[in-house]
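Just below is one structure, and these are the notes that go with it.
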Amino acid sequence: LAKTTQPISMDSYEGQEVNITCSHNNIATNDYITWYQQFPSQGPRFIIQGYKTKVTNEVASLFIPADRKSSTLSLPRVSLSDTAVYYCLVGDWMDSSYKLIFGSGTRLLVRP
Amino acid sequence: SAVISQKPSRDICQRGTSLTIQCQVDSQVTMMFWYRQQPGQSLTLIATANQGSEATYESGFVIDKFPISRPNLTFSTLTVSNMSPEDSSIYLCSVEVQGRLAGDGEQYFGPGTRLTVT
């Protein structure tokens, strides 16, 4: 499974756009890139997933360059409630299961 | 999507005892996963539980210490056996909801069970 590297922490202010970049140099052909968000005392929550180019949903965008060795999660106009840990994961099918291995995550702090 | 509940939500246990954590899903799912998360740390996958077969354990985790049951498609248990203070952690279960394409599934997580071993 590919290993991911992302910044340990980031600070931002309300209303700003936040971009968190993750590198996954050893990503395999079959790997999807998935981002999860975790608040204290809660389980992680799926944010967005992509394979290549750009994916956008109601909460975030995910940018993946052509070589797929990195990806950037973009959170538009963050609010205080976006303070959380964000995990970038890559994984593929093993033993008929899409297995996720969590890296260290990025702790985002949004200030007023 | 899937809604997952776990019991207990938290417990304080004495060393040498065992605790069984229950995970209930509101829909039938094939794959369930058990993770451990120590305070301030990331999640570590313990094992994958497939209904009707033995659980598959990750490196560093063994069945004698973390026996898992998966009696049906909506329920699983994880037992933490012969506990020591090092087992103090949050234990989470998750389920996989497969997307339309291979590999584009999402995982949904339970709220976790906070275990303290004294």
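Identifiers in the structure tokens: chain A, B, ... in order shown; residue index from 1 per chain; ligand index from 1 in order shown.
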
Spatial neighbours of Gln41 (chain B), max dist 10 Å, only C-alpha atoms, sep filter under 5 positions, as a ChimeraX atom specification | /A:103-105 /B:36,89

If you keep N, CA, C and O atoms, can you produce a file of those selected residues as a compact mmCIF listing (two decimals), in the first residue's frame?
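File out-v7.txt, as written:
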```
# COMPACT_ATOMS: atom_id res chain seq x y z
N GLY A 103 -2.58 7.61 7.51
CA GLY A 103 -1.32 8.25 7.83
C GLY A 103 -1.50 9.12 9.06
O GLY A 103 -2.45 8.98 9.82
N SER A 104 -0.60 10.07 9.22
CA SER A 104 -0.59 10.87 10.44
C SER A 104 -1.66 11.94 10.45
O SER A 104 -2.07 12.42 11.50
N GLY A 105 -2.13 12.36 9.29
CA GLY A 105 -3.16 13.39 9.22
C GLY A 105 -2.62 14.80 9.37
O GLY A 105 -1.49 15.01 9.82
N ARG B 36 -7.88 0.88 15.94
CA ARG B 36 -7.52 1.40 17.25
C ARG B 36 -6.91 2.78 17.05
O ARG B 36 -6.13 3.01 16.11
N SER B 89 -7.21 2.95 24.77
CA SER B 89 -7.28 3.50 23.42
C SER B 89 -8.75 3.70 23.07
O SER B 89 -9.64 3.34 23.83
```

Looking only at strand (DSSP E or B) from DSSP on the backbone, list the matching residues of chain A as number ranges by chain.
-> A: 5, 9-13, 18-23, 32-38, 45-50, 53-56, 61-64, 70-75, 84-91, 93-94, 97-98, 106-111

Using only C-alpha atoms, which chain B residues lie at most 12 Å away from chain A, written as a VMD selection string?
-> chain B and resid 1 to 6 9 to 10 29 to 50 55 to 58 89 to 99 101 to 114

Using only C-alpha atoms, determine which residues lie at most 8 Å from Ile20 (chain A), disregarding the query and same-chain residues fewer than 5 positions distant; provide the list as a short mmCIF file (atom, residue, chain, number, x, y, z; two decimals) with N, CA, C and O atoms, in the first residue's frame.
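File part-v1.cif, as written:
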```
data_model
loop_
_atom_site.label_atom_id
_atom_site.label_comp_id
_atom_site.auth_asym_id
_atom_site.auth_seq_id
_atom_site.Cartn_x
_atom_site.Cartn_y
_atom_site.Cartn_z
N GLN A 6 1.72 14.17 4.62
CA GLN A 6 0.99 15.43 4.63
C GLN A 6 1.48 16.26 5.79
O GLN A 6 2.06 15.72 6.74
N PRO A 7 1.24 17.58 5.74
CA PRO A 7 1.72 18.43 6.85
C PRO A 7 1.05 18.04 8.14
O PRO A 7 -0.11 17.64 8.17
N THR A 72 -4.36 17.49 -3.68
CA THR A 72 -4.62 18.66 -2.84
C THR A 72 -6.10 18.73 -2.52
O THR A 72 -6.94 18.78 -3.43
N LEU A 73 -6.38 18.74 -1.24
CA LEU A 73 -7.74 18.94 -0.77
C LEU A 73 -7.96 20.43 -0.60
O LEU A 73 -7.17 21.10 0.09
N SER A 74 -9.00 20.97 -1.20
CA SER A 74 -9.29 22.39 -1.09
C SER A 74 -10.61 22.60 -0.38
O SER A 74 -11.64 22.05 -0.79
N THR A 106 -3.46 15.76 9.00
CA THR A 106 -3.14 17.19 9.14
C THR A 106 -4.15 17.80 10.10
O THR A 106 -5.36 17.74 9.86
#
```

Considering only C-alpha atoms, return as a list in words whatever protein or nucleic-acid residues lie within 6 Å of Thr53 (chain A), sequence-local ones (same chain, fewer than 6 positions apart) excluded.
->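 Close residues of Thr53 (chain A): Phe63, Ile64 and Pro65 of chain A.
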
Given the selection you just returned, output its residues as a file containing all heavy atoms, formatted as a short mmCIF file (atom, residue, chain, number, x, y, z; two decimals), in the first residue's frame.
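Written out: result_30.cif:
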```
data_model
loop_
_atom_site.label_atom_id
_atom_site.label_comp_id
_atom_site.auth_asym_id
_atom_site.auth_seq_id
_atom_site.Cartn_x
_atom_site.Cartn_y
_atom_site.Cartn_z
N PHE A 63 -7.87 18.04 -6.12
CA PHE A 63 -7.09 18.23 -7.32
C PHE A 63 -6.00 17.15 -7.37
O PHE A 63 -5.22 16.98 -6.42
CB PHE A 63 -6.45 19.62 -7.33
CG PHE A 63 -7.45 20.73 -7.31
CD1 PHE A 63 -7.88 21.27 -6.11
CD2 PHE A 63 -7.97 21.23 -8.50
CE1 PHE A 63 -8.81 22.30 -6.08
CE2 PHE A 63 -8.89 22.26 -8.48
CZ PHE A 63 -9.32 22.79 -7.28
N ILE A 64 -5.94 16.45 -8.49
CA ILE A 64 -4.97 15.38 -8.66
C ILE A 64 -4.22 15.62 -9.96
O ILE A 64 -4.85 15.60 -11.04
CB ILE A 64 -5.66 14.00 -8.69
CG1 ILE A 64 -6.51 13.82 -7.42
CG2 ILE A 64 -4.64 12.87 -8.79
CD1 ILE A 64 -7.45 12.64 -7.48
N PRO A 65 -2.91 15.83 -9.91
CA PRO A 65 -2.16 16.05 -11.16
C PRO A 65 -2.05 14.77 -11.96
O PRO A 65 -2.39 13.69 -11.49
CB PRO A 65 -0.79 16.51 -10.66
CG PRO A 65 -0.66 15.92 -9.29
CD PRO A 65 -2.05 15.89 -8.73
#
```

Non-local contacts of region 65-80 of chain B (6 Å; only C-alpha atoms; under 5 positions in same chain excluded) as a PyMOL selection string | chain B and resi 18-25+28-29+51

Please write the residues from the selection above to a file, keeping N, CA and C atoms, as a PDB file, in the first residue's frame.
```pdb
ATOM      1  N   SER B  18     -11.117  -8.771  30.401  1.00  0.00           N
ATOM      2  CA  SER B  18     -11.423  -8.663  28.978  1.00  0.00           C
ATOM      3  C   SER B  18     -12.674  -7.817  28.787  1.00  0.00           C
ATOM      4  N   LEU B  19     -12.758  -7.169  27.650  1.00  0.00           N
ATOM      5  CA  LEU B  19     -13.915  -6.348  27.299  1.00  0.00           C
ATOM      6  C   LEU B  19     -14.334  -6.674  25.877  1.00  0.00           C
ATOM      7  N   THR B  20     -15.629  -6.861  25.694  1.00  0.00           N
ATOM      8  CA  THR B  20     -16.157  -7.095  24.352  1.00  0.00           C
ATOM      9  C   THR B  20     -16.896  -5.856  23.878  1.00  0.00           C
ATOM     10  N   ILE B  21     -16.511  -5.373  22.719  1.00  0.00           N
ATOM     11  CA  ILE B  21     -17.105  -4.190  22.114  1.00  0.00           C
ATOM     12  C   ILE B  21     -18.020  -4.639  20.984  1.00  0.00           C
ATOM     13  N   GLN B  22     -19.220  -4.082  20.974  1.00  0.00           N
ATOM     14  CA  GLN B  22     -20.192  -4.447  19.963  1.00  0.00           C
ATOM     15  C   GLN B  22     -20.309  -3.350  18.903  1.00  0.00           C
ATOM     16  N   CYS B  23     -20.527  -3.777  17.671  1.00  0.00           N
ATOM     17  CA  CYS B  23     -20.706  -2.851  16.557  1.00  0.00           C
ATOM     18  C   CYS B  23     -21.943  -3.283  15.770  1.00  0.00           C
ATOM     19  N   GLN B  24     -22.909  -2.369  15.658  1.00  0.00           N
ATOM     20  CA  GLN B  24     -24.161  -2.662  14.977  1.00  0.00           C
ATOM     21  C   GLN B  24     -24.335  -1.698  13.811  1.00  0.00           C
ATOM     22  N   VAL B  25     -24.709  -2.233  12.657  1.00  0.00           N
ATOM     23  CA  VAL B  25     -24.914  -1.413  11.461  1.00  0.00           C
ATOM     24  C   VAL B  25     -26.379  -1.470  11.068  1.00  0.00           C
ATOM     25  N   GLN B  28     -27.151  -4.205   5.818  1.00  0.00           N
ATOM     26  CA  GLN B  28     -26.279  -5.360   5.633  1.00  0.00           C
ATOM     27  C   GLN B  28     -25.031  -4.959   4.856  1.00  0.00           C
ATOM     28  N   VAL B  29     -23.891  -5.306   5.387  1.00  0.00           N
ATOM     29  CA  VAL B  29     -22.626  -4.972   4.742  1.00  0.00           C
ATOM     30  C   VAL B  29     -21.743  -6.203   4.740  1.00  0.00           C
ATOM     31  N   GLN B  51     -18.099 -11.525   6.920  1.00  0.00           N
ATOM     32  CA  GLN B  51     -19.114 -12.441   7.436  1.00  0.00           C
ATOM     33  C   GLN B  51     -18.908 -13.834   6.878  1.00  0.00           C
TER      34      GLN B  51
END
```

What lies within 10 Å of Val18 (chain A) using only C-alpha atoms, ignoring chain neighbours under 2 positions off, as a list in words?
-> Met10, Asp11, Ser12, Tyr13, Glu14, Gly15, Gln16, Ile20, Thr21, Ala60, Thr72, Leu73, Ser74, Leu75, Pro76, Arg77, Val78, Leu108 and Val110 of chain A

Mind writing the picked residues with all heavy atoms as a compact mmCIF listing (two decimals), in the first residue's frame?
```
# COMPACT_ATOMS: atom_id res chain seq x y z
N MET A 10 -1.87 22.84 10.20
CA MET A 10 -2.05 24.06 9.43
C MET A 10 -2.96 24.99 10.22
O MET A 10 -3.87 24.53 10.92
CB MET A 10 -2.69 23.78 8.06
CG MET A 10 -1.82 22.97 7.12
SD MET A 10 -2.60 22.72 5.53
CE MET A 10 -2.58 24.36 4.85
N ASP A 11 -2.72 26.28 10.08
CA ASP A 11 -3.57 27.29 10.69
C ASP A 11 -4.23 28.11 9.58
O ASP A 11 -3.62 28.37 8.54
CB ASP A 11 -2.74 28.24 11.57
CG ASP A 11 -2.45 27.65 12.93
OD1 ASP A 11 -2.65 26.42 13.08
OD2 ASP A 11 -2.02 28.38 13.83
N SER A 12 -5.45 28.55 9.83
CA SER A 12 -6.14 29.40 8.88
C SER A 12 -7.10 30.30 9.64
O SER A 12 -7.26 30.18 10.86
CB SER A 12 -6.90 28.54 7.86
OG SER A 12 -7.49 29.36 6.88
N TYR A 13 -7.75 31.20 8.90
CA TYR A 13 -8.74 32.08 9.48
C TYR A 13 -10.07 31.86 8.77
O TYR A 13 -10.13 31.42 7.62
CB TYR A 13 -8.31 33.54 9.36
CG TYR A 13 -7.13 33.86 10.24
CD1 TYR A 13 -5.83 33.76 9.75
CD2 TYR A 13 -7.31 34.27 11.56
CE1 TYR A 13 -4.74 34.04 10.57
CE2 TYR A 13 -6.23 34.57 12.37
CZ TYR A 13 -4.95 34.44 11.86
OH TYR A 13 -3.89 34.73 12.68
N GLU A 14 -11.10 32.17 9.49
CA GLU A 14 -12.44 32.02 8.93
C GLU A 14 -12.55 32.74 7.59
O GLU A 14 -12.05 33.86 7.42
CB GLU A 14 -13.48 32.61 9.88
CG GLU A 14 -13.85 31.72 11.03
CD GLU A 14 -15.06 32.26 11.78
OE1 GLU A 14 -14.94 33.33 12.41
OE2 GLU A 14 -16.12 31.63 11.73
N GLY A 15 -13.23 32.13 6.64
CA GLY A 15 -13.46 32.75 5.35
C GLY A 15 -12.37 32.50 4.33
O GLY A 15 -12.57 32.76 3.14
N GLN A 16 -11.24 31.98 4.77
CA GLN A 16 -10.15 31.72 3.83
C GLN A 16 -10.31 30.36 3.17
O GLN A 16 -11.04 29.49 3.66
CB GLN A 16 -8.80 31.77 4.56
CG GLN A 16 -8.37 33.16 4.99
CD GLN A 16 -6.95 33.17 5.52
OE1 GLN A 16 -6.45 32.17 6.02
NE2 GLN A 16 -6.31 34.32 5.45
N ILE A 20 -4.75 21.61 1.47
CA ILE A 20 -3.89 20.64 2.15
C ILE A 20 -3.37 19.68 1.09
O ILE A 20 -4.15 19.01 0.42
CB ILE A 20 -4.66 19.86 3.23
CG1 ILE A 20 -5.33 20.82 4.22
CG2 ILE A 20 -3.69 18.93 3.98
CD1 ILE A 20 -6.22 20.13 5.23
N THR A 21 -2.06 19.63 0.98
CA THR A 21 -1.45 18.78 -0.04
C THR A 21 -0.92 17.50 0.59
O THR A 21 -0.36 17.51 1.68
CB THR A 21 -0.32 19.52 -0.76
OG1 THR A 21 -0.88 20.64 -1.45
CG2 THR A 21 0.36 18.61 -1.78
N ALA A 60 -15.99 20.17 -0.66
CA ALA A 60 -14.57 20.30 -0.96
C ALA A 60 -14.29 20.00 -2.42
O ALA A 60 -15.16 19.50 -3.15
CB ALA A 60 -13.77 19.32 -0.08
N THR A 72 -4.36 17.49 -3.68
CA THR A 72 -4.62 18.66 -2.84
C THR A 72 -6.10 18.73 -2.52
O THR A 72 -6.94 18.78 -3.43
CB THR A 72 -4.17 19.96 -3.53
OG1 THR A 72 -2.76 19.89 -3.77
CG2 THR A 72 -4.48 21.16 -2.65
N LEU A 73 -6.38 18.74 -1.24
CA LEU A 73 -7.74 18.94 -0.77
C LEU A 73 -7.96 20.43 -0.60
O LEU A 73 -7.17 21.10 0.09
CB LEU A 73 -7.97 18.23 0.57
CG LEU A 73 -9.32 18.48 1.24
CD1 LEU A 73 -10.43 17.75 0.49
CD2 LEU A 73 -9.28 18.06 2.70
N SER A 74 -9.00 20.97 -1.20
CA SER A 74 -9.29 22.39 -1.09
C SER A 74 -10.61 22.60 -0.38
O SER A 74 -11.64 22.05 -0.79
CB SER A 74 -9.34 23.03 -2.49
OG SER A 74 -9.60 24.41 -2.40
N LEU A 75 -10.55 23.35 0.72
CA LEU A 75 -11.75 23.68 1.49
C LEU A 75 -12.04 25.16 1.29
O LEU A 75 -11.28 26.01 1.73
CB LEU A 75 -11.52 23.38 2.97
CG LEU A 75 -11.10 21.96 3.32
CD1 LEU A 75 -10.73 21.87 4.80
CD2 LEU A 75 -12.20 20.98 2.98
N PRO A 76 -13.13 25.50 0.61
CA PRO A 76 -13.42 26.92 0.35
C PRO A 76 -14.02 27.60 1.56
O PRO A 76 -14.87 27.03 2.24
CB PRO A 76 -14.43 26.85 -0.79
CG PRO A 76 -15.13 25.54 -0.60
CD PRO A 76 -14.12 24.61 0.01
N ARG A 77 -13.54 28.78 1.86
CA ARG A 77 -14.16 29.62 2.89
C ARG A 77 -14.42 28.84 4.18
O ARG A 77 -15.56 28.59 4.58
CB ARG A 77 -15.46 30.23 2.37
CG ARG A 77 -15.25 31.16 1.18
CD ARG A 77 -16.58 31.75 0.70
NE ARG A 77 -17.50 30.73 0.23
CZ ARG A 77 -17.44 30.15 -0.96
NH1 ARG A 77 -16.49 30.50 -1.81
NH2 ARG A 77 -18.32 29.24 -1.30
N VAL A 78 -13.35 28.46 4.83
CA VAL A 78 -13.48 27.64 6.04
C VAL A 78 -14.14 28.42 7.16
O VAL A 78 -14.08 29.65 7.23
CB VAL A 78 -12.12 27.10 6.50
CG1 VAL A 78 -11.56 26.12 5.48
CG2 VAL A 78 -11.13 28.22 6.79
N LEU A 108 -5.95 20.78 11.28
CA LEU A 108 -6.29 22.13 10.83
C LEU A 108 -6.96 22.90 11.95
O LEU A 108 -7.94 22.43 12.53
CB LEU A 108 -7.23 22.06 9.62
CG LEU A 108 -7.81 23.39 9.14
CD1 LEU A 108 -6.71 24.29 8.60
CD2 LEU A 108 -8.89 23.17 8.09
N VAL A 110 -8.80 26.48 12.58
CA VAL A 110 -9.38 27.67 11.98
C VAL A 110 -9.63 28.69 13.09
O VAL A 110 -10.34 28.39 14.06
CB VAL A 110 -10.68 27.35 11.24
CG1 VAL A 110 -11.27 28.62 10.62
CG2 VAL A 110 -10.44 26.30 10.16
```
